[in-house]
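**Student:** Just one file: query18.cif, with mmCIF, C-alpha atoms and all ligand atoms.
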```
data_final
loop_
_atom_site.label_atom_id
_atom_site.label_comp_id
_atom_site.auth_asym_id
_atom_site.auth_seq_id
_atom_site.Cartn_x
_atom_site.Cartn_y
_atom_site.Cartn_z
CA MET A 27 82.02 158.65 -65.37
CA MET A 28 82.01 155.42 -63.33
CA THR A 29 85.21 154.15 -65.00
CA HIS A 30 86.86 157.52 -64.32
CA THR A 31 85.92 157.26 -60.64
CA ARG A 32 87.08 153.68 -60.42
CA GLY A 33 90.34 154.63 -62.15
CA PHE A 34 90.88 157.46 -59.66
CA VAL A 35 90.23 155.16 -56.69
CA ARG A 36 92.65 152.55 -58.04
CA THR A 37 95.41 155.13 -58.66
CA ALA A 38 94.72 156.74 -55.29
CA LEU A 39 95.07 153.44 -53.46
CA LYS A 40 98.54 152.92 -54.99
CA HIS A 41 99.95 156.12 -53.46
CA TRP A 42 100.14 156.83 -49.75
CA LEU A 43 99.05 160.43 -50.34
CA GLY A 44 96.04 159.19 -52.28
CA GLN A 45 95.19 156.80 -49.47
CA ILE A 46 95.29 159.59 -46.93
CA ILE A 47 93.09 161.81 -49.12
CA LEU A 48 90.61 158.96 -49.59
CA ILE A 49 90.46 158.34 -45.84
CA LEU A 50 89.94 162.08 -45.28
CA ILE A 51 87.12 162.23 -47.85
CA ILE A 52 85.39 159.22 -46.29
CA GLY A 53 85.89 160.62 -42.79
CA ILE A 54 84.57 164.09 -43.66
CA SER A 55 81.55 162.63 -45.50
CA PHE A 56 80.75 160.46 -42.51
CA TRP A 57 81.12 163.41 -40.11
CA LEU A 58 78.82 165.57 -42.27
CA LEU A 59 76.30 162.75 -42.46
CA ILE A 60 76.01 162.29 -38.69
CA HIS A 61 76.16 166.03 -37.92
CA GLN A 62 73.58 167.29 -40.38
CA PRO A 63 70.72 169.01 -38.54
CA ARG A 64 67.81 166.68 -37.89
CA SER A 65 64.66 168.02 -39.45
CA VAL A 66 61.99 168.15 -36.78
CA PRO A 67 58.72 166.39 -37.69
CA PRO A 68 55.91 168.98 -38.01
CA ASN A 69 53.57 167.23 -35.57
CA LEU A 70 56.24 166.69 -32.91
CA TYR A 71 55.78 169.75 -30.70
CA PRO A 72 51.98 169.91 -30.84
CA TYR A 73 52.03 166.37 -29.47
CA LEU A 74 54.70 166.95 -26.82
CA THR A 75 53.10 170.16 -25.50
CA SER A 76 49.64 168.54 -25.40
CA LEU A 77 50.75 166.01 -22.78
CA LYS A 78 49.62 166.49 -19.20
CA PRO A 79 52.62 166.59 -16.85
CA GLU A 80 50.80 164.30 -14.39
CA LEU A 81 50.43 161.65 -17.11
CA VAL A 82 54.09 161.99 -18.15
CA LEU A 83 55.26 161.67 -14.54
CA SER A 84 53.05 158.66 -13.81
CA CYS A 85 54.40 156.87 -16.92
CA ILE A 86 57.99 157.64 -15.94
CA ARG A 87 57.29 156.33 -12.44
CA ASP A 88 55.55 153.17 -13.70
CA GLY A 89 58.13 152.51 -16.41
CA ASP A 90 61.07 152.93 -14.07
CA SER A 91 61.36 149.31 -13.01
CA PHE A 92 61.36 148.08 -16.64
CA SER A 93 63.63 148.64 -19.66
CA PRO A 94 65.05 152.18 -20.26
CA ASN A 95 62.40 153.28 -22.79
CA ARG A 96 59.39 151.71 -21.13
CA TRP A 97 58.07 155.10 -19.97
CA ALA A 98 57.84 156.11 -23.64
CA ASP A 99 55.90 152.94 -24.48
CA LEU A 100 53.45 153.64 -21.66
CA LEU A 101 53.11 157.34 -22.47
CA ALA A 102 52.53 156.82 -26.20
CA ILE A 103 49.85 154.20 -25.48
CA LYS A 104 48.11 156.10 -22.67
CA SER A 105 48.10 159.42 -24.56
CA THR A 106 46.55 157.84 -27.67
CA LEU A 107 44.04 155.29 -26.38
CA SER A 108 41.20 155.32 -23.87
CA ALA A 109 41.76 153.41 -20.64
CA ALA A 110 39.60 150.53 -21.89
CA GLU A 111 41.43 150.32 -25.23
CA ALA A 112 44.83 150.48 -23.53
CA LYS A 113 44.09 147.85 -20.88
CA ASP A 114 45.31 144.77 -22.72
CA LEU A 115 48.49 146.45 -24.01
CA LEU A 116 49.34 147.75 -20.53
CA LEU A 117 48.89 144.26 -19.12
CA GLN A 118 51.36 142.89 -21.66
CA ILE A 119 53.84 145.62 -20.73
CA ARG A 120 53.43 144.78 -17.06
CA ASN A 121 54.31 141.19 -18.02
CA HIS A 122 57.55 142.50 -19.59
CA THR A 123 56.57 142.03 -23.24
CA GLU A 124 58.93 144.15 -25.39
CA TYR A 125 57.35 146.92 -27.48
CA ASN A 126 58.09 145.15 -30.78
CA ASP A 127 56.49 141.92 -29.51
CA LEU A 128 53.19 143.46 -28.36
CA ASN A 129 50.00 141.83 -29.52
CA TRP A 130 47.86 144.74 -30.77
CA GLY A 131 44.61 142.81 -30.88
CA ASN A 132 42.07 144.45 -33.17
CA LEU A 133 43.56 147.98 -33.07
CA SER A 134 43.75 149.45 -36.56
CA GLN A 135 47.06 149.86 -38.36
CA GLY A 136 46.54 153.64 -38.34
CA VAL A 137 46.23 153.81 -34.55
CA ARG A 138 49.20 151.50 -34.18
CA ASN A 139 51.29 153.74 -36.45
CA THR A 140 50.32 156.81 -34.43
CA ILE A 141 51.39 155.16 -31.18
CA THR A 142 54.69 153.96 -32.65
CA GLN A 143 55.41 157.42 -34.12
CA ARG A 144 54.70 159.07 -30.77
CA ARG A 145 56.87 156.57 -28.92
CA ASN A 146 59.73 157.24 -31.34
CA TYR A 147 59.30 161.03 -30.85
CA LEU A 148 59.49 160.65 -27.08
CA ILE A 149 62.71 158.66 -27.36
CA SER A 150 64.38 160.67 -30.17
CA TYR A 151 63.53 164.14 -28.78
CA PRO A 152 64.02 163.50 -25.08
CA PHE A 153 62.33 166.54 -23.54
CA TYR A 154 60.71 164.28 -20.98
CA LEU A 155 63.65 161.95 -20.41
CA PRO A 156 64.57 162.29 -16.72
CA GLY A 157 67.84 164.21 -16.41
CA ALA A 158 68.06 165.38 -20.04
CA TYR A 159 67.07 168.96 -19.00
CA VAL A 160 66.99 170.72 -15.64
CA PHE A 161 64.49 173.01 -13.97
CA PRO A 162 65.79 176.60 -14.40
CA VAL A 163 65.02 177.96 -10.91
CA GLN A 164 67.08 176.87 -7.91
CA GLY A 165 64.79 177.16 -4.95
CA LYS A 166 61.12 177.42 -4.11
CA THR A 167 59.06 178.78 -6.97
CA TRP A 168 55.45 179.20 -8.06
CA TYR A 169 54.22 179.03 -11.65
CA GLN A 170 51.19 178.06 -13.68
CA ASP A 171 50.31 177.50 -17.33
CA SER A 172 49.83 181.01 -18.74
CA PHE A 173 50.99 180.40 -22.30
CA GLY A 174 48.87 182.35 -24.80
CA ALA A 175 47.36 184.70 -22.16
CA ASP A 176 46.65 188.30 -23.23
CA ARG A 177 49.39 190.91 -22.78
CA GLU A 178 49.08 194.69 -23.23
CA GLY A 179 45.30 194.44 -23.60
CA GLY A 180 45.39 191.78 -26.29
CA LYS A 181 48.16 193.39 -28.36
CA ARG A 182 50.31 190.31 -27.91
CA ARG A 183 50.21 186.93 -26.29
CA HIS A 184 52.26 185.50 -23.46
CA GLU A 185 54.87 183.33 -25.11
CA GLY A 186 56.32 181.52 -22.14
CA THR A 187 55.94 180.60 -18.48
CA ASP A 188 56.46 182.98 -15.53
CA LEU A 189 58.18 181.46 -12.52
CA PHE A 190 57.89 183.50 -9.30
CA SER A 191 60.54 183.42 -6.56
CA PRO A 192 62.17 185.99 -4.27
CA GLU A 193 64.60 188.44 -5.86
CA GLY A 194 68.12 187.02 -6.12
CA THR A 195 67.09 183.34 -6.47
CA PRO A 196 69.67 181.62 -8.73
CA ILE A 197 68.60 180.90 -12.33
CA ILE A 198 70.37 178.08 -14.13
CA SER A 199 70.42 176.88 -17.72
CA ALA A 200 67.76 174.27 -18.47
CA SER A 201 69.68 172.96 -21.47
CA SER A 202 73.23 172.61 -22.68
CA GLY A 203 74.20 174.79 -25.63
CA ARG A 204 75.75 178.17 -26.41
CA ILE A 205 75.10 181.69 -25.15
CA GLU A 206 73.47 183.50 -28.08
CA LYS A 207 72.11 186.71 -26.52
CA LEU A 208 73.14 188.58 -23.41
CA GLY A 209 72.14 191.85 -21.78
CA TRP A 210 69.33 194.35 -22.04
CA ASN A 211 66.25 194.39 -24.23
CA ARG A 212 63.07 196.47 -23.80
CA LEU A 213 60.60 193.76 -22.77
CA GLY A 214 62.95 191.19 -21.30
CA GLY A 215 65.16 193.58 -19.32
CA GLU A 216 68.34 191.76 -18.37
CA ARG A 217 68.04 188.62 -20.40
CA VAL A 218 70.04 185.57 -21.47
CA GLY A 219 69.36 183.57 -24.63
CA VAL A 220 70.83 180.08 -24.98
CA ARG A 221 70.88 178.16 -28.28
CA GLY A 222 70.34 174.62 -27.03
CA ASP A 223 72.11 171.61 -28.50
CA ASP A 224 68.62 170.55 -29.61
CA GLY A 225 68.45 173.62 -31.92
CA ASN A 226 65.84 175.44 -29.83
CA TYR A 227 66.33 178.92 -28.33
CA TYR A 228 65.92 179.17 -24.54
CA TYR A 229 65.00 182.64 -23.32
CA TYR A 230 65.46 183.81 -19.69
CA ALA A 231 64.11 187.31 -18.98
CA HIS A 232 63.69 189.93 -16.21
CA LEU A 233 66.92 188.91 -14.44
CA LYS A 234 68.23 191.10 -11.64
CA GLU A 235 71.81 190.34 -12.53
CA ILE A 236 73.37 188.28 -15.31
CA ASN A 237 76.28 186.05 -14.30
CA PRO A 238 79.22 188.40 -15.17
CA ALA A 239 81.35 185.44 -16.28
CA LEU A 240 79.12 184.79 -19.31
CA VAL A 241 80.10 185.89 -22.85
CA ILE A 242 78.28 185.51 -26.17
CA GLY A 243 79.24 182.33 -28.02
CA GLN A 244 80.35 180.59 -24.87
CA ARG A 245 79.59 176.91 -24.40
CA ILE A 246 77.25 176.24 -21.50
CA ASN A 247 76.09 173.09 -19.71
CA LYS A 248 72.67 172.44 -18.27
CA GLY A 249 72.70 173.57 -14.65
CA ASP A 250 75.24 176.40 -15.19
CA LEU A 251 74.43 179.69 -13.44
CA LEU A 252 72.86 182.31 -15.76
CA GLY A 253 71.98 184.96 -13.20
CA THR A 254 69.49 185.86 -10.50
CA MET A 255 65.75 186.42 -10.37
CA GLY A 256 64.53 190.01 -10.69
CA HIS A 257 61.87 192.20 -12.29
CA THR A 258 63.69 194.12 -15.05
CA GLY A 259 62.25 195.17 -18.43
CA ASP A 260 58.45 195.21 -18.67
CA ALA A 261 58.32 193.32 -15.34
CA LEU A 262 59.37 196.50 -13.51
CA THR A 263 56.05 196.84 -11.66
CA THR A 264 55.35 193.11 -11.20
CA PRO A 265 56.58 190.70 -8.51
CA ASP A 266 60.00 189.17 -9.15
CA HIS A 267 59.79 186.40 -11.72
CA LEU A 268 61.66 184.61 -14.45
CA HIS A 269 60.02 184.65 -17.87
CA PHE A 270 61.11 181.38 -19.47
CA GLY A 271 60.52 180.81 -23.18
CA ILE A 272 61.30 178.07 -25.71
CA GLN A 273 61.47 179.07 -29.37
CA LEU A 274 61.79 176.51 -32.16
CA PRO A 275 64.33 177.06 -34.95
CA ASN A 276 61.41 178.28 -37.14
CA GLU A 277 60.88 181.10 -34.54
CA GLU A 278 57.63 179.65 -33.19
CA TRP A 279 57.31 179.88 -29.41
CA ILE A 280 56.00 176.71 -27.76
CA ASN A 281 54.44 176.21 -24.34
CA PRO A 282 57.22 175.37 -21.87
CA TYR A 283 54.82 174.60 -19.01
CA PRO A 284 54.51 170.78 -19.39
CA PHE A 285 58.28 170.46 -19.75
CA LEU A 286 58.93 172.61 -16.67
CA ALA A 287 56.47 170.61 -14.57
CA VAL A 288 58.27 167.39 -15.46
CA TRP A 289 61.83 168.77 -15.16
CA GLN A 290 61.05 170.11 -11.71
CA HIS A 291 60.50 166.57 -10.51
CA PHE A 292 63.94 165.40 -11.54
CA SER A 293 66.01 168.45 -10.55
ZN ZN B 1 56.28 186.20 -18.92
#
```
What do you get writing this file as structure tokens?
Ligand SMILES: [Zn+2]
**Tutor:**
Amino acid sequence: MMTHTRGFVRTALKHWLGQIILILIIGISFWLLIHQPRSVPPNLYPYLTSLKPELVLSCIRDGDSFSPNRWADLLAIKSTLSAAEAKDLLLQIRNHTEYNDLNWGNLSQGVRNTITQRRNYLISYPFYLPGAYVFPVQGKTWYQDSFGADREGGKRRHEGTDLFSPEGTPIISASSGRIEKLGWNRLGGERVGVRGDDGNYYYYAHLKEINPALVIGQRINKGDLLGTMGHTGDALTTPDHLHFGIQLPNEEWINPYPFLAVWQHFS
């Protein structure tokens, strides 16, 4: 088998057509390799959604004057250790010690691995990276963490965050991606669904009007206009609000609240 392959490569290299085919094969393999969907680690989202927005924001603020990923170093350390345990590491970071050069003292290898894994998550899946996503409501808005709250007397749970603003307030896309769903459904009313470049599904419901320029399959950038705030669908009798949801590729809805609270600061 090996000699056959080697023979083919040698013959191919002698002919210009063979050379082109070889280059194509290498090129396509490389393209497939870098474009294959990243499998999301199972403990990624439980960690990301457990973070307090105040902690995330303070780490971004404190890390700002250092290297680009310093906020992730700070956040991984502060979200894993107690203040007393973290003290020495934070001092080293303040003295500009790079992450890989940190002296971990007597922290166990297990704890160290957890911190490093969390830091890598924060950098590789940049939900909290300033500017990577935008806050979906343009204008004054009020919202709180209501993920998991009872709906229809306990028949189902609230699978998103409600953001309240006056009717007609512009709603923009939080992520870049493609329009996947558009128009009416029973609960959501006028709704827009965007398949983000990160693989997640972003759901915007109860709109008054959908931007008439949108079509299914269309490419969309973060910040593009999706429509206006309303109270359509099962929000008919409630104050105007946007129901914003994030669904993972495995169809699990995650709590968007901590992300929203951080995005709002950088939009
Ligand atoms: Zn809702």
**Student:** Please determine, counting only C-alpha atoms and all ligand atoms, which residue among A:Ile205, A:Leu148, A:Leu189, A:Leu107 has the shortest atom-to-atom distance to ligand ZN 1 (chain B).
**Tutor:**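 For ligand ZN 1 (chain B), the nearest of the given residues is A:Leu189.
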**Student:** Sorted by chain and rising residue number, which residues of chain A lie within 7 Å of ligand ZN 1 (chain B), and what are their closest atom pairs and distances in Å to one decimal, counting only C-alpha atoms and all ligand atoms, as JSON lines?
**Tutor:**
```
{"residue": "A:His184", "atom": "CA", "partner": "B:ZN1", "partner_atom": "ZN", "distance": 6.1}
{"residue": "A:Glu185", "atom": "CA", "partner": "B:ZN1", "partner_atom": "ZN", "distance": 7.0}
{"residue": "A:Gly186", "atom": "CA", "partner": "B:ZN1", "partner_atom": "ZN", "distance": 5.7}
{"residue": "A:Thr187", "atom": "CA", "partner": "B:ZN1", "partner_atom": "ZN", "distance": 5.6}
{"residue": "A:Asp188", "atom": "CA", "partner": "B:ZN1", "partner_atom": "ZN", "distance": 4.7}
{"residue": "A:His269", "atom": "CA", "partner": "B:ZN1", "partner_atom": "ZN", "distance": 4.2}
{"residue": "A:Phe270", "atom": "CA", "partner": "B:ZN1", "partner_atom": "ZN", "distance": 6.8}
```
**Student:** At a cut-off of 9 Å, can you tabulate as a tab-separated table every residue of region 103-210 of chain A near region 74-94 of chain A together with its closest atom pair and the distance in Å to one decimal, using only C-alpha atoms and ordering rows by chain then number?
**Tutor:**
```
residue	atom	partner	partner_atom	distance
A:Lys104	CA	A:Leu81	CA	8.2
A:Ser105	CA	A:Leu77	CA	7.3
A:Ile119	CA	A:Phe92	CA	8.9
A:Arg120	CA	A:Phe92	CA	8.6
A:His122	CA	A:Phe92	CA	7.4
A:Glu124	CA	A:Ser93	CA	8.7
A:Arg144	CA	A:Leu74	CA	8.8
A:Tyr147	CA	A:Leu74	CA	8.5
A:Leu148	CA	A:Leu74	CA	7.9
A:Phe153	CA	A:Leu74	CA	8.3
A:Tyr154	CA	A:Val82	CA	7.6
A:Leu155	CA	A:Ile86	CA	8.4
A:Pro156	CA	A:Ile86	CA	8.1
```
**Student:** Just how far from CA of Leu59 (chain A) is CA of Gly219 (chain A), in Å to one decimal?
**Tutor:**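 Rounded to one decimal, the two atoms are 28.3 Å apart.
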**Student:** Excluding region 229-242 of chain A and residues on its chain fewer than 3 positions from it, collect all residues at most 6 Å away from it, counting only C-alpha atoms, and give them as a PyMOL selection string.
**Tutor:** chain A and resi 205-206+214-219+252-259+268-271
**Student:** Is there a way to get, as a list of chain:residue names, all residues within 12 Å of the point (68.4, 169.1, -15.2) in file coordinates, counting all atoms listed in the file?
**Tutor:** A:Phe153, A:Tyr154, A:Leu155, A:Pro156, A:Gly157, A:Ala158, A:Tyr159, A:Val160, A:Phe161, A:Pro162, A:Val163, A:Gln164, A:Ile198, A:Ser199, A:Ala200, A:Ser201, A:Ser202, A:Asn247, A:Lys248, A:Gly249, A:Asp250, A:Phe285, A:Leu286, A:Val288, A:Trp289, A:Gln290, A:His291, A:Phe292, A:Ser293
**Student:** Grab the CA of Asp176 (chain A) to CA of Pro192 (chain A) distance for me, in Å with one decimal place.
**Tutor:**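 Distance between the two atoms: 24.6 Å.
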**Student:** Nearest to Pro265 (chain A) among A:Phe190, A:Pro284, A:Asp223, A:Arg212, with distances taken over all atoms listed in the file: which residue is it?
**Tutor:**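 Comparing A:Phe190, A:Pro284, A:Asp223, A:Arg212 against Pro265 (chain A), the winner is A:Phe190.
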**Student:** Which neighbours of Gly225 (chain A) fall inside 12 Å, counting all atoms listed in the file, when residues of the same chain fewer than 5 positions from it are skipped, and could you give them as a PyMOL selection string?
**Tutor:** chain A and resi 62-66+151+201-204+206+220+272-277
**Student:** How about saving the chosen residues, C-alpha atoms kept, as a PDB file, keeping the file's coordinate frame?
**Tutor:**
```
ATOM      1  CA  GLN A  62      73.580 167.290 -40.380  1.00  0.00           C
ATOM      2  CA  PRO A  63      70.720 169.010 -38.540  1.00  0.00           C
ATOM      3  CA  ARG A  64      67.810 166.680 -37.890  1.00  0.00           C
ATOM      4  CA  SER A  65      64.660 168.020 -39.450  1.00  0.00           C
ATOM      5  CA  VAL A  66      61.990 168.150 -36.780  1.00  0.00           C
ATOM      6  CA  TYR A 151      63.530 164.140 -28.780  1.00  0.00           C
ATOM      7  CA  SER A 201      69.680 172.960 -21.470  1.00  0.00           C
ATOM      8  CA  SER A 202      73.230 172.610 -22.680  1.00  0.00           C
ATOM      9  CA  GLY A 203      74.200 174.790 -25.630  1.00  0.00           C
ATOM     10  CA  ARG A 204      75.750 178.170 -26.410  1.00  0.00           C
ATOM     11  CA  GLU A 206      73.470 183.500 -28.080  1.00  0.00           C
ATOM     12  CA  VAL A 220      70.830 180.080 -24.980  1.00  0.00           C
ATOM     13  CA  ILE A 272      61.300 178.070 -25.710  1.00  0.00           C
ATOM     14  CA  GLN A 273      61.470 179.070 -29.370  1.00  0.00           C
ATOM     15  CA  LEU A 274      61.790 176.510 -32.160  1.00  0.00           C
ATOM     16  CA  PRO A 275      64.330 177.060 -34.950  1.00  0.00           C
ATOM     17  CA  ASN A 276      61.410 178.280 -37.140  1.00  0.00           C
ATOM     18  CA  GLU A 277      60.880 181.100 -34.540  1.00  0.00           C
TER      19      GLU A 277
END
```
**Student:** Would you mind reading off the distance between CA of Tyr125 (chain A) and CA of Trp97 (chain A), one decimal, in Å?
**Tutor:**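 The value is 11.1 Å.
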**Student:** Write out as a PyMOL selection string the residues lying within 12 Å of Asp114 (chain A), counting all atoms listed in the file and excluding same-chain residues fewer than 5 positions away.
**Tutor:** chain A and resi 103-104+107-109+119-121+123+128-133
**Student:** Kindly indicate which residue among A:Gly165, A:Pro67, A:Gly222, A:Gly243 lies nearest to Gln143 (chain A), using all atoms listed in the file for the distances.
**Tutor:**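 Result for the nearest residue to Gln143 (chain A): A:Pro67.
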**Student:** Please identify all polymer residues within 9 Å of Val35 (chain A), counting only C-alpha atoms, omitting same-chain residues fewer than 3 positions from it, and present them as a list in words.
**Tutor:**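 In the requested format, the answer is His30, Thr31, Arg32, Ala38, Leu39, Lys40, Gly44, Gln45 and Leu48 of chain A.
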